[in-house]
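structure_1.cif follows (mmCIF, C-alpha atoms):
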data_model
#
loop_
_atom_site.label_atom_id
_atom_site.label_comp_id
_atom_site.auth_asym_id
_atom_site.auth_seq_id
_atom_site.Cartn_x
_atom_site.Cartn_y
_atom_site.Cartn_z
CA MET A 1145 19.56 -9.74 21.79
CA ARG A 1146 15.91 -9.04 21.03
CA ASP A 1147 14.20 -10.52 17.98
CA GLN A 1148 14.28 -8.91 14.62
CA THR A 1149 10.97 -7.27 13.84
CA LEU A 1150 9.02 -6.08 10.83
CA LEU A 1151 6.45 -3.30 10.77
CA TRP A 1152 4.50 -2.37 7.68
CA ILE A 1153 2.58 0.91 7.40
CA GLY A 1154 0.24 1.92 4.59
CA CYS A 1155 -0.08 5.56 3.55
CA GLY A 1156 -1.35 7.28 0.41
CA GLY A 1157 -1.45 4.40 -2.02
CA CYS A 1158 -3.58 1.54 -3.25
CA SER A 1159 -1.96 -1.13 -1.04
CA GLY A 1160 -0.90 -2.82 -4.27
CA GLU A 1161 2.37 -4.06 -2.78
CA THR A 1162 0.44 -5.70 0.04
CA GLN A 1163 -1.85 -7.31 -2.49
CA ALA A 1164 1.15 -8.47 -4.52
CA LEU A 1165 2.68 -9.90 -1.36
CA LEU A 1166 -0.53 -11.65 -0.34
CA GLY A 1167 -1.28 -12.71 -3.90
CA VAL A 1168 -3.42 -15.73 -4.52
CA GLU A 1169 -0.81 -17.55 -6.60
CA GLY A 1170 1.37 -18.52 -3.69
CA GLN A 1171 3.32 -15.28 -3.37
CA ALA A 1172 2.50 -15.01 0.34
CA SER A 1173 4.69 -18.04 1.02
CA ASP A 1174 7.62 -15.63 0.52
CA LEU A 1175 6.30 -13.48 3.36
CA LEU A 1176 5.61 -16.54 5.52
CA ASP A 1177 9.19 -17.72 4.93
CA LEU A 1178 10.44 -14.37 6.07
CA ILE A 1179 8.45 -14.76 9.29
CA ASP A 1180 8.88 -18.51 9.88
CA VAL A 1181 12.32 -19.26 8.44
CA ASP A 1182 14.20 -15.97 8.71
CA GLY A 1183 12.60 -15.33 12.11
CA LEU A 1184 11.44 -11.80 11.44
CA ARG A 1185 8.61 -11.14 13.90
CA LEU A 1186 5.67 -9.27 12.36
CA LEU A 1187 4.86 -6.40 14.71
CA TRP A 1188 2.07 -4.90 12.68
CA HIS A 1189 0.65 -4.87 9.17
CA PRO A 1190 -2.51 -2.96 8.23
CA SER A 1191 -3.97 -5.93 6.35
CA LEU A 1192 -3.06 -8.57 8.93
CA ALA A 1193 -3.25 -6.79 12.27
CA GLU A 1194 -5.76 -7.51 14.96
CA HIS A 1195 -5.82 -4.00 16.43
CA ASP A 1196 -4.89 -0.51 15.32
CA LEU A 1197 -1.33 0.72 15.36
CA ARG A 1198 -1.41 2.74 18.59
CA PRO A 1199 -0.29 0.10 21.14
CA VAL A 1200 2.55 -1.07 18.89
CA HIS A 1201 3.70 2.47 18.20
CA GLN A 1202 3.61 3.16 21.94
CA ALA A 1203 5.70 0.05 22.68
CA LEU A 1204 8.30 1.23 20.17
CA THR A 1205 8.33 4.76 21.56
CA ASP A 1206 8.75 3.42 25.10
CA GLY A 1207 11.60 1.17 24.02
CA ARG A 1208 9.72 -2.03 24.93
CA GLU A 1209 10.14 -3.19 21.32
CA ASP A 1210 12.88 -2.70 18.75
CA LEU A 1211 12.13 -2.06 15.09
CA THR A 1212 14.44 -3.79 12.63
CA VAL A 1213 12.67 -3.39 9.30
CA LEU A 1214 10.11 -0.70 8.51
CA CYS A 1215 8.25 -1.05 5.21
CA VAL A 1216 6.27 1.98 4.09
CA GLU A 1217 3.71 1.68 1.31
CA GLY A 1218 2.09 4.66 -0.40
CA SER A 1219 3.05 8.29 -0.70
CA ILE A 1220 3.24 10.63 2.26
CA ALA A 1221 0.63 13.40 2.22
CA LEU A 1222 2.10 16.65 3.52
CA ALA A 1223 -0.44 19.25 2.31
CA GLU A 1224 -2.52 21.04 4.96
CA ASP A 1225 -0.51 19.53 7.79
CA GLY A 1226 -1.23 16.02 6.57
CA MET A 1227 -5.02 16.22 6.62
CA PHE A 1228 -5.28 14.11 3.43
CA ASP A 1229 -3.95 11.04 5.18
CA MET A 1230 -4.81 10.92 8.84
CA ALA A 1231 -4.14 8.50 11.64
CA ASP A 1232 -5.17 9.01 15.21
CA GLY A 1233 -6.53 12.48 14.52
CA ALA A 1234 -3.35 13.95 13.03
CA GLY A 1235 -1.32 13.77 9.82
CA LYS A 1236 0.02 10.25 9.40
CA PHE A 1237 3.36 11.64 8.23
CA ARG A 1238 4.25 12.28 11.88
CA ILE A 1239 3.83 8.62 12.76
CA VAL A 1240 5.79 7.56 9.70
CA ARG A 1241 8.62 9.93 10.52
CA SER A 1242 8.79 8.75 14.12
CA LEU A 1243 8.82 5.11 12.96
CA CYS A 1244 11.61 5.91 10.47
CA GLU A 1245 13.67 7.36 13.32
CA GLN A 1246 13.41 4.08 15.23
CA ALA A 1247 14.04 1.61 12.42
CA ASP A 1248 17.33 -0.08 11.56
CA TYR A 1249 16.27 -0.31 7.91
CA VAL A 1250 13.55 1.62 6.09
CA LEU A 1251 12.19 0.27 2.81
CA ALA A 1252 9.89 2.28 0.55
CA MET A 1253 7.69 -0.37 -1.03
CA GLY A 1254 6.45 0.68 -4.45
CA ALA A 1255 6.68 3.77 -6.63
CA CYS A 1256 4.47 5.88 -4.33
CA ALA A 1257 6.49 5.40 -1.15
CA SER A 1258 9.71 5.70 -3.12
CA TYR A 1259 8.95 8.78 -5.23
CA GLY A 1260 5.44 10.02 -4.47
CA GLY A 1261 3.89 8.10 -7.34
CA TRP A 1262 1.07 9.09 -9.62
CA GLN A 1263 -0.69 11.25 -7.01
CA ALA A 1264 2.42 13.45 -6.80
CA GLN A 1265 1.80 14.52 -10.41
CA PRO A 1266 0.61 18.12 -10.79
CA PRO A 1267 -1.35 19.66 -9.19
CA ASN A 1268 -0.55 17.13 -6.42
CA PRO A 1269 -3.67 17.85 -4.33
CA SER A 1270 -2.55 15.86 -1.29
CA GLY A 1271 1.01 17.20 -1.27
CA ALA A 1272 2.27 13.69 -1.91
CA VAL A 1273 5.98 13.02 -1.50
CA GLY A 1274 8.09 9.90 -1.33
CA LEU A 1275 10.08 8.99 1.75
CA GLN A 1276 13.35 10.48 0.54
CA TYR A 1277 12.48 11.64 -3.00
CA THR A 1278 9.72 13.68 -4.55
CA LEU A 1279 9.36 12.40 -8.10
CA ASP A 1280 12.97 12.54 -9.35
CA THR A 1281 14.14 15.22 -6.90
CA ALA A 1282 16.04 14.30 -3.76
CA GLY A 1283 14.25 15.03 -0.49
CA GLY A 1284 10.78 13.91 0.50
CA LEU A 1285 9.39 13.30 3.96
CA LEU A 1286 13.01 12.90 5.01
CA PRO A 1287 15.88 15.10 3.78
CA SER A 1288 18.33 13.54 1.33
CA GLY A 1289 21.03 13.27 4.01
CA TRP A 1290 18.86 11.22 6.38
CA ARG A 1291 20.13 7.81 7.46
CA SER A 1292 18.40 4.94 9.28
CA GLY A 1293 19.61 3.24 12.46
CA LYS A 1294 22.07 1.13 10.47
CA GLY A 1295 23.39 4.12 8.53
CA LEU A 1296 21.47 3.59 5.28
CA PRO A 1297 19.21 5.95 3.37
CA VAL A 1298 15.66 4.84 2.56
CA ILE A 1299 15.84 1.80 0.31
CA ALA A 1300 13.56 2.46 -2.66
CA VAL A 1301 11.87 -0.68 -3.95
CA ALA A 1302 10.13 0.95 -6.92
CA GLY A 1303 7.56 -0.59 -9.23
CA CYS A 1304 3.80 -0.69 -9.53
CA PRO A 1305 3.26 -3.09 -8.01
CA VAL A 1306 6.58 -4.54 -6.93
CA PRO A 1307 6.54 -8.34 -7.37
CA ALA A 1308 6.41 -10.24 -4.06
CA GLU A 1309 9.78 -11.91 -4.60
CA THR A 1310 11.46 -8.53 -5.21
CA GLN A 1311 9.96 -7.16 -2.00
CA VAL A 1312 11.10 -10.13 0.07
CA SER A 1313 14.56 -10.24 -1.48
CA ALA A 1314 14.95 -6.50 -0.84
CA ILE A 1315 14.14 -7.05 2.85
CA ARG A 1316 16.67 -9.93 3.05
CA TRP A 1317 19.26 -7.82 1.24
CA ALA A 1318 18.74 -4.97 3.73
CA LEU A 1319 19.15 -7.38 6.66
CA GLU A 1320 22.49 -8.48 5.20
CA GLY A 1321 23.61 -4.85 5.45
CA ALA A 1322 22.70 -3.84 1.88
CA PRO A 1323 25.85 -5.14 0.16
CA GLY A 1324 26.81 -3.08 -2.88
CA GLY A 1325 24.65 -0.15 -1.81
CA LEU A 1326 21.94 1.75 -3.58
CA ASP A 1327 21.83 3.31 -7.03
CA ARG A 1328 21.64 7.07 -7.61
CA HIS A 1329 17.91 7.14 -7.02
CA GLY A 1330 18.10 5.15 -3.84
CA ARG A 1331 17.01 1.84 -5.33
CA ALA A 1332 18.05 -1.61 -4.23
CA PRO A 1333 19.91 -3.61 -6.91
CA MET A 1334 17.09 -6.10 -7.48
CA VAL A 1335 14.92 -3.18 -8.66
CA GLN A 1336 15.54 -2.44 -12.31
CA PRO A 1337 16.42 1.20 -13.05
CA CYS A 1338 13.57 3.34 -14.21
CA LEU A 1339 14.60 6.88 -15.00
CA PRO A 1340 17.47 6.54 -17.49
CA SER A 1341 15.43 5.46 -20.47
CA VAL A 1342 12.18 6.97 -21.59
CA GLU A 1343 11.66 4.23 -24.09
CA TYR A 1344 11.96 1.45 -21.61
CA ARG A 1345 10.95 2.33 -18.07
CA GLY A 1346 12.79 -0.31 -16.17
CA CYS A 1347 10.43 -1.09 -13.30
CA GLY A 1348 8.90 -3.57 -15.73
CA THR A 1349 5.35 -2.65 -14.85
CA PRO A 1350 4.22 -1.50 -18.29
CA ARG A 1351 5.46 -4.69 -19.89
CA ARG A 1352 4.19 -6.94 -17.13
CA ILE A 1353 0.68 -5.66 -16.88
CA GLY A 1354 0.23 -4.40 -20.42
CA MET A 1355 -0.06 -0.76 -19.44
CA ARG A 1356 1.81 2.33 -20.32
CA CYS A 1357 4.25 3.81 -17.90
CA THR A 1358 2.46 6.17 -15.53
CA GLY A 1359 5.57 8.27 -15.12
CA CYS A 1360 5.66 7.67 -11.39
CA THR A 1361 9.23 8.86 -10.92
CA GLY A 1362 9.35 11.70 -13.36
CA PRO A 1363 7.55 15.03 -13.62
CA LYS A 1364 8.96 15.67 -17.06
CA PHE A 1365 6.30 13.90 -19.10
CA PRO A 1366 3.00 15.11 -17.70
CA ASN A 1367 1.05 13.97 -20.73
CA PHE A 1368 2.67 10.66 -21.39
CA ALA A 1369 -0.15 9.55 -23.66
CA ASP A 1370 1.13 12.09 -26.18
CA ARG A 1371 4.52 10.46 -26.36
CA PRO A 1372 4.73 7.93 -29.15
CA MET A 1373 7.72 6.25 -27.51
CA VAL A 1374 5.74 5.10 -24.51
CA ARG A 1375 3.41 2.57 -25.99
CA TRP A 1376 0.88 0.14 -24.68
CA ALA A 1377 2.73 -3.00 -23.63
CA SER A 1378 6.04 -1.31 -24.40
CA MET B 942 -21.14 5.45 31.80
CA SER B 943 -21.39 8.06 29.15
CA GLY B 944 -18.04 7.87 27.44
CA GLY B 945 -18.23 10.81 25.05
CA ARG B 946 -16.97 10.50 21.51
CA GLN B 947 -14.56 7.68 20.88
CA HIS B 948 -12.87 6.41 17.78
CA GLU B 949 -10.86 3.56 16.41
CA GLU B 950 -8.89 3.15 13.21
CA VAL B 951 -10.08 0.01 11.49
CA PRO B 952 -7.34 -2.38 10.44
CA ARG B 953 -7.80 -4.88 7.60
CA SER B 954 -10.18 -2.58 5.76
CA GLU B 955 -7.85 -1.93 2.77
CA GLY B 956 -8.53 1.70 2.67
CA ASP B 957 -8.12 4.04 5.55
CA LEU B 958 -11.18 3.83 7.68
CA ARG B 959 -12.03 5.26 11.04
CA ILE B 960 -15.17 4.72 13.09
CA TYR B 961 -16.44 7.31 15.55
CA TRP B 962 -19.13 6.61 18.07
CA ASP B 963 -20.91 8.28 20.93
CA GLU B 964 -21.73 6.18 23.94
CA ASN B 965 -24.71 6.73 26.16
CA ASP B 966 -25.22 4.53 29.22
CA GLY B 967 -22.98 1.81 27.83
CA ARG B 968 -24.76 1.72 24.50
CA ILE B 969 -23.74 3.17 21.19
CA ALA B 970 -25.94 6.20 20.57
CA GLU B 971 -24.50 7.39 17.24
CA ALA B 972 -21.80 6.11 14.93
CA TRP B 973 -20.01 7.56 11.91
CA CYS B 974 -17.39 6.27 9.57
CA GLN B 975 -14.76 8.37 7.86
CA GLY B 976 -12.40 7.67 4.99
CA THR B 977 -9.17 9.23 6.15
CA MET B 978 -7.12 9.28 2.95
CA TYR B 979 -7.51 11.45 -0.15
CA ARG B 980 -5.24 11.63 -3.18
CA GLY B 981 -7.25 13.71 -5.66
CA TYR B 982 -7.14 11.55 -8.81
CA GLU B 983 -10.04 13.54 -10.27
CA MET B 984 -8.06 16.77 -9.93
CA ILE B 985 -4.89 15.29 -11.42
CA LEU B 986 -6.75 13.94 -14.45
CA ILE B 987 -8.16 17.36 -15.43
CA GLY B 988 -6.41 18.61 -18.56
CA ARG B 989 -4.67 15.33 -19.30
CA HIS B 990 -5.17 13.07 -22.30
CA PRO B 991 -8.39 11.02 -21.82
CA ASP B 992 -6.45 7.77 -22.40
CA ASP B 993 -4.52 8.48 -19.21
CA ALA B 994 -7.64 7.62 -17.22
CA LEU B 995 -7.25 3.99 -18.35
CA ALA B 996 -3.72 3.68 -17.05
CA THR B 997 -4.14 5.62 -13.84
CA THR B 998 -7.55 4.91 -12.33
CA ALA B 999 -6.40 1.34 -11.73
CA ARG B 1000 -3.98 2.80 -9.19
CA LEU B 1001 -6.83 3.97 -7.01
CA CYS B 1002 -7.10 0.61 -5.31
CA GLY B 1003 -4.92 -2.45 -5.19
CA ILE B 1004 -7.90 -4.72 -4.68
CA CYS B 1005 -10.58 -3.41 -7.04
CA SER B 1006 -8.32 -1.95 -9.76
CA THR B 1007 -10.29 -3.58 -12.57
CA SER B 1008 -13.59 -2.08 -11.40
CA HIS B 1009 -12.08 1.40 -11.53
CA VAL B 1010 -10.64 0.81 -15.00
CA VAL B 1011 -13.97 -0.49 -16.27
CA ALA B 1012 -15.73 2.56 -14.82
CA ALA B 1013 -13.21 4.81 -16.60
CA THR B 1014 -13.77 2.84 -19.80
CA HIS B 1015 -17.52 3.34 -19.57
CA ALA B 1016 -17.00 7.07 -19.03
CA LEU B 1017 -14.81 7.29 -22.14
CA GLU B 1018 -17.25 5.23 -24.19
CA ASN B 1019 -20.06 7.56 -23.17
CA ALA B 1020 -18.00 10.63 -23.98
CA TRP B 1021 -16.94 9.31 -27.38
CA ASN B 1022 -20.28 7.64 -28.13
CA ILE B 1023 -18.72 4.24 -28.68
CA THR B 1024 -20.47 0.87 -28.50
CA PRO B 1025 -17.94 -1.87 -27.75
CA PRO B 1026 -18.21 -5.16 -29.68
CA PRO B 1027 -19.92 -8.03 -27.79
CA GLN B 1028 -16.68 -10.01 -27.42
CA ALA B 1029 -15.03 -7.04 -25.72
CA VAL B 1030 -17.90 -6.82 -23.24
CA ARG B 1031 -17.57 -10.55 -22.50
CA LEU B 1032 -13.85 -10.22 -21.92
CA ARG B 1033 -14.42 -7.29 -19.65
CA ASN B 1034 -16.99 -9.23 -17.65
CA LEU B 1035 -14.56 -12.13 -17.32
CA PHE B 1036 -11.92 -9.78 -15.90
CA LEU B 1037 -14.44 -8.40 -13.42
CA ALA B 1038 -15.56 -11.89 -12.41
CA ALA B 1039 -11.95 -12.97 -11.86
CA GLU B 1040 -11.39 -9.91 -9.70
CA SER B 1041 -14.49 -10.70 -7.65
CA VAL B 1042 -13.36 -14.28 -7.02
CA MET B 1043 -9.92 -13.06 -5.97
CA SER B 1044 -11.41 -10.37 -3.73
CA ASP B 1045 -13.77 -12.83 -2.05
CA ALA B 1046 -10.91 -15.17 -1.19
CA ARG B 1047 -8.82 -12.33 0.15
CA GLN B 1048 -11.68 -10.72 2.01
CA GLY B 1049 -12.79 -13.98 3.63
CA ALA B 1050 -9.45 -15.45 4.62
CA LEU B 1051 -7.47 -12.33 5.43
CA PHE B 1052 -9.77 -9.49 6.41
CA PHE B 1053 -13.15 -10.70 7.60
CA GLY B 1054 -12.21 -14.03 9.17
CA PRO B 1055 -9.68 -12.55 11.62
CA GLY B 1056 -12.37 -10.10 12.77
CA LEU B 1057 -14.44 -13.05 14.02
CA CYS B 1058 -11.56 -14.05 16.32
CA HIS B 1059 -12.29 -11.07 18.56
CA GLU B 1060 -13.05 -12.16 22.12
CA SER B 1061 -16.52 -10.62 21.92
CA PHE B 1062 -17.51 -13.60 19.75
CA SER B 1063 -16.19 -16.17 22.22
CA TRP B 1064 -19.72 -17.16 23.24
CA HIS B 1065 -20.27 -18.74 19.84
CA ALA B 1066 -20.13 -22.52 19.50
CA LEU B 1067 -17.83 -22.26 16.49
CA TYR B 1068 -15.41 -19.83 18.17
CA PRO B 1069 -12.57 -22.37 18.75
CA GLU B 1070 -12.85 -23.57 15.18
CA ILE B 1071 -12.90 -20.00 13.85
CA THR B 1072 -9.84 -18.91 15.84
CA ASP B 1073 -8.00 -22.04 14.69
CA ALA B 1074 -8.68 -21.06 11.12
CA PHE B 1075 -8.23 -17.28 11.18
CA GLN B 1076 -6.21 -16.22 14.25
CA PRO B 1077 -4.39 -12.96 13.33
CA PRO B 1078 -1.76 -12.02 12.57
CA PHE B 1079 -1.43 -14.68 9.92
CA LYS B 1080 -1.54 -17.59 12.37
CA GLY B 1081 -4.80 -19.33 11.49
CA TRP B 1082 -4.41 -22.43 9.35
CA LEU B 1083 -6.96 -21.32 6.79
CA THR B 1084 -5.35 -17.89 6.39
CA ARG B 1085 -2.01 -19.59 5.87
CA ALA B 1086 -3.45 -22.19 3.53
CA GLY B 1087 -5.12 -19.42 1.56
CA ALA B 1088 -1.78 -17.67 1.33
#

Written as structure tokens, that's how I'd like the structure from this file.
Amino acid sequence: MRDQTLLWIGCGGCSGETQALLGVEGQASDLLDLIDVDGLRLLWHPSLAEHDLRPVHQALTDGREDLTVLCVEGSIALAEDGMFDMADGAGKFRIVRSLCEQADYVLAMGACASYGGWQAQPPNPSGAVGLQYTLDTAGGLLPSGWRSGKGLPVIAVAGCPVPAETQVSAIRWALEGAPGGLDRHGRAPMVQPCLPSVEYRGCGTPRRIGMRCTGCTGPKFPNFADRPMVRWAS
Amino acid sequence: MSGGRQHEEVPRSEGDLRIYWDENDGRIAEAWCQGTMYRGYEMILIGRHPDDALATTARLCGICSTSHVVAATHALENAWNITPPPQAVRLRNLFLAAESVMSDARQGALFFGPGLCHESFSWHALYPEITDAFQPPFKGWLTRAGA
């Protein structure tokens, strides 16, 4: 059996999940544990890689490497054939889609990869979508019926940013076969629900960083500053 | 050889960056860089409540979020003709300084250091020491210690 591998790709986002994972308060030890203790081999990560993605992508396409866990960060830009997020001269969404097809497990890291995020708000200039959702509507880069190599939909690890320990525990949970399954918006159980309550958006971001909810999963509150229920440090 | 136009996506740049260059007789004749990702924050903010700029511009960048928020704050202060109290300015400067320190550590240990491990620097006396410290991906002792 070949080793288990991890590939991380960054799309239309701020790379906040990467920064959370590589945080200066020791968070990166979670990622190192995943590599050293759990034995997940890091194939490529935009912030850690030596070279660009092409040789690794080629090795996966040729079947010289297997992809166990694919983490996608940032929304997928579909407008104008992907010209708002390019890689190798073409829309990056093609590379992401081909990687998704090869992965055993696909995790959408953060609100943008999960649901399109803030940049998917109207007028959505880049045509941003999430991997399997667009805001709160099913279907994004991949249709809602899509399943990964191990028969799972995209695992949404929402938040802005997602704490490092949540990211790592979501990866471990996926590798165990995702016991208990996903909630109705495709989220892993360690991610607190977000949509059900306007008053308390459950990703915890507003409370944690003292900001208001940016409405990353919902198109229904375009002017959230007008809503008295969503307060600073709610 | 005259290689024509070539390009490479630049990893570890925290932002999507591509470099193009033209080669002429084995030398670089011209070079360009291109940001390859656009989200259109300016367009999304049009027509929204001004306060929204404070919550959203931070999402432009995971590394320099504070700088973007402070820029948005200055824009709002200008628009509303507000002079912030001196303590607020000091606090703001502290936040920015903290962000700079964090960015320097990240930039040095994770992004810039590994670049020096490229074989084209192998002539340098410190090369073995540098590769020991920064060898990507995530193998150098200093990168790991920083983490």

Interface residues on chain B facing chain A, 9 Å, all atoms listed in the file, written as a PyMOL selection string: chain B and resi 948-957+959+977-982+984-985+989-993+995-997+999-1004+1006+1043+1046-1047+1051-1052+1055-1056+1058-1059+1076-1079+1085+1087-1088

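Picked by the PyMOL selection byres ((chain B and resi 1011) around 12) from the coordinates shown: Ala994, Leu995, Ala996, Thr997, Thr998, Ala999, Cys1005, Ser1006, Thr1007, Ser1008, His1009, Val1010, Ala1012, Ala1013, Thr1014, His1015, Ala1016, Leu1017, Glu1018, Ala1029, Val1030, Leu1032, Arg1033, Asn1034, Leu1035, Phe1036, Leu1037 and Glu1040 of chain B.
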
Selection result for the PyMOL selection byres ((chain B and resi 970) around 12) on this file, as a PyMOL selection string: chain B and resi 943-947+961-969+971-973

Expansion of the PyMOL selection byres ((chain A and resi 1278) around 10) into residues, as a ChimeraX atom specification: /A:1219-1220,1256-1261,1264-1265,1271-1277,1279-1285,1360-1363

Within 9 Å of (-8.4, -18.6, 15.8) (file coordinates; only C-alpha atoms), which protein or nucleic acid residues are there? I'd like them as an mmCIF file with C-alpha atoms, in the frame of the given file.
data_model
loop_
_atom_site.group_PDB
_atom_site.id
_atom_site.type_symbol
_atom_site.label_atom_id
_atom_site.label_comp_id
_atom_site.auth_asym_id
_atom_site.auth_seq_id
_atom_site.Cartn_x
_atom_site.Cartn_y
_atom_site.Cartn_z
ATOM 1 C CA GLY B 1054 -12.210 -14.030 9.170
ATOM 2 C CA PRO B 1055 -9.680 -12.550 11.620
ATOM 3 C CA LEU B 1057 -14.440 -13.050 14.020
ATOM 4 C CA CYS B 1058 -11.560 -14.050 16.320
ATOM 5 C CA HIS B 1059 -12.290 -11.070 18.560
ATOM 6 C CA TYR B 1068 -15.410 -19.830 18.170
ATOM 7 C CA PRO B 1069 -12.570 -22.370 18.750
ATOM 8 C CA GLU B 1070 -12.850 -23.570 15.180
ATOM 9 C CA ILE B 1071 -12.900 -20.000 13.850
ATOM 10 C CA THR B 1072 -9.840 -18.910 15.840
ATOM 11 C CA ASP B 1073 -8.000 -22.040 14.690
ATOM 12 C CA ALA B 1074 -8.680 -21.060 11.120
ATOM 13 C CA PHE B 1075 -8.230 -17.280 11.180
ATOM 14 C CA GLN B 1076 -6.210 -16.220 14.250
ATOM 15 C CA PRO B 1077 -4.390 -12.960 13.330
ATOM 16 C CA LYS B 1080 -1.540 -17.590 12.370
ATOM 17 C CA GLY B 1081 -4.800 -19.330 11.490
ATOM 18 C CA TRP B 1082 -4.410 -22.430 9.350
#

Non-local contacts of segment 1316-1325 of chain A (12 Å; all atoms listed in the file; under 2 positions in same chain excluded) as a ChimeraX atom specification: /A:1148-1150,1174-1175,1177-1179,1181-1184,1212-1215,1247-1252,1292-1301,1309-1314,1327-1335

Between atom CA of Arg1185 of chain A and atom CA of Gln1246 of chain A - distance in Å to one decimal: 16.0 Å

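Put simply, atom CA of Ala1234 of chain A is 27.4 Å away from atom CA of Ala1302 of chain A.
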
So for segment 1039-1047 of chain B, what box centre and size do we get, axis-aligned, 8 Å extra on each of the six sides, every listed atom, Å to one decimal, as AutoDock Vina command-line options?
--center_x -11.7 --center_y -12.5 --center_z -5.9 --size_x 21.7 --size_y 21.3 --size_z 28.0

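From atom CA of Leu1286 of chain A back to atom CA of Leu1151 of chain A, the distance works out to 18.4 Å.
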
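Minimum distance to Glu1217 of chain A across A:Gly1303, A:Pro1287, A:Ile1153, A:Glu1245 (counting all atoms listed in the file) occurs at A:Ile1153.
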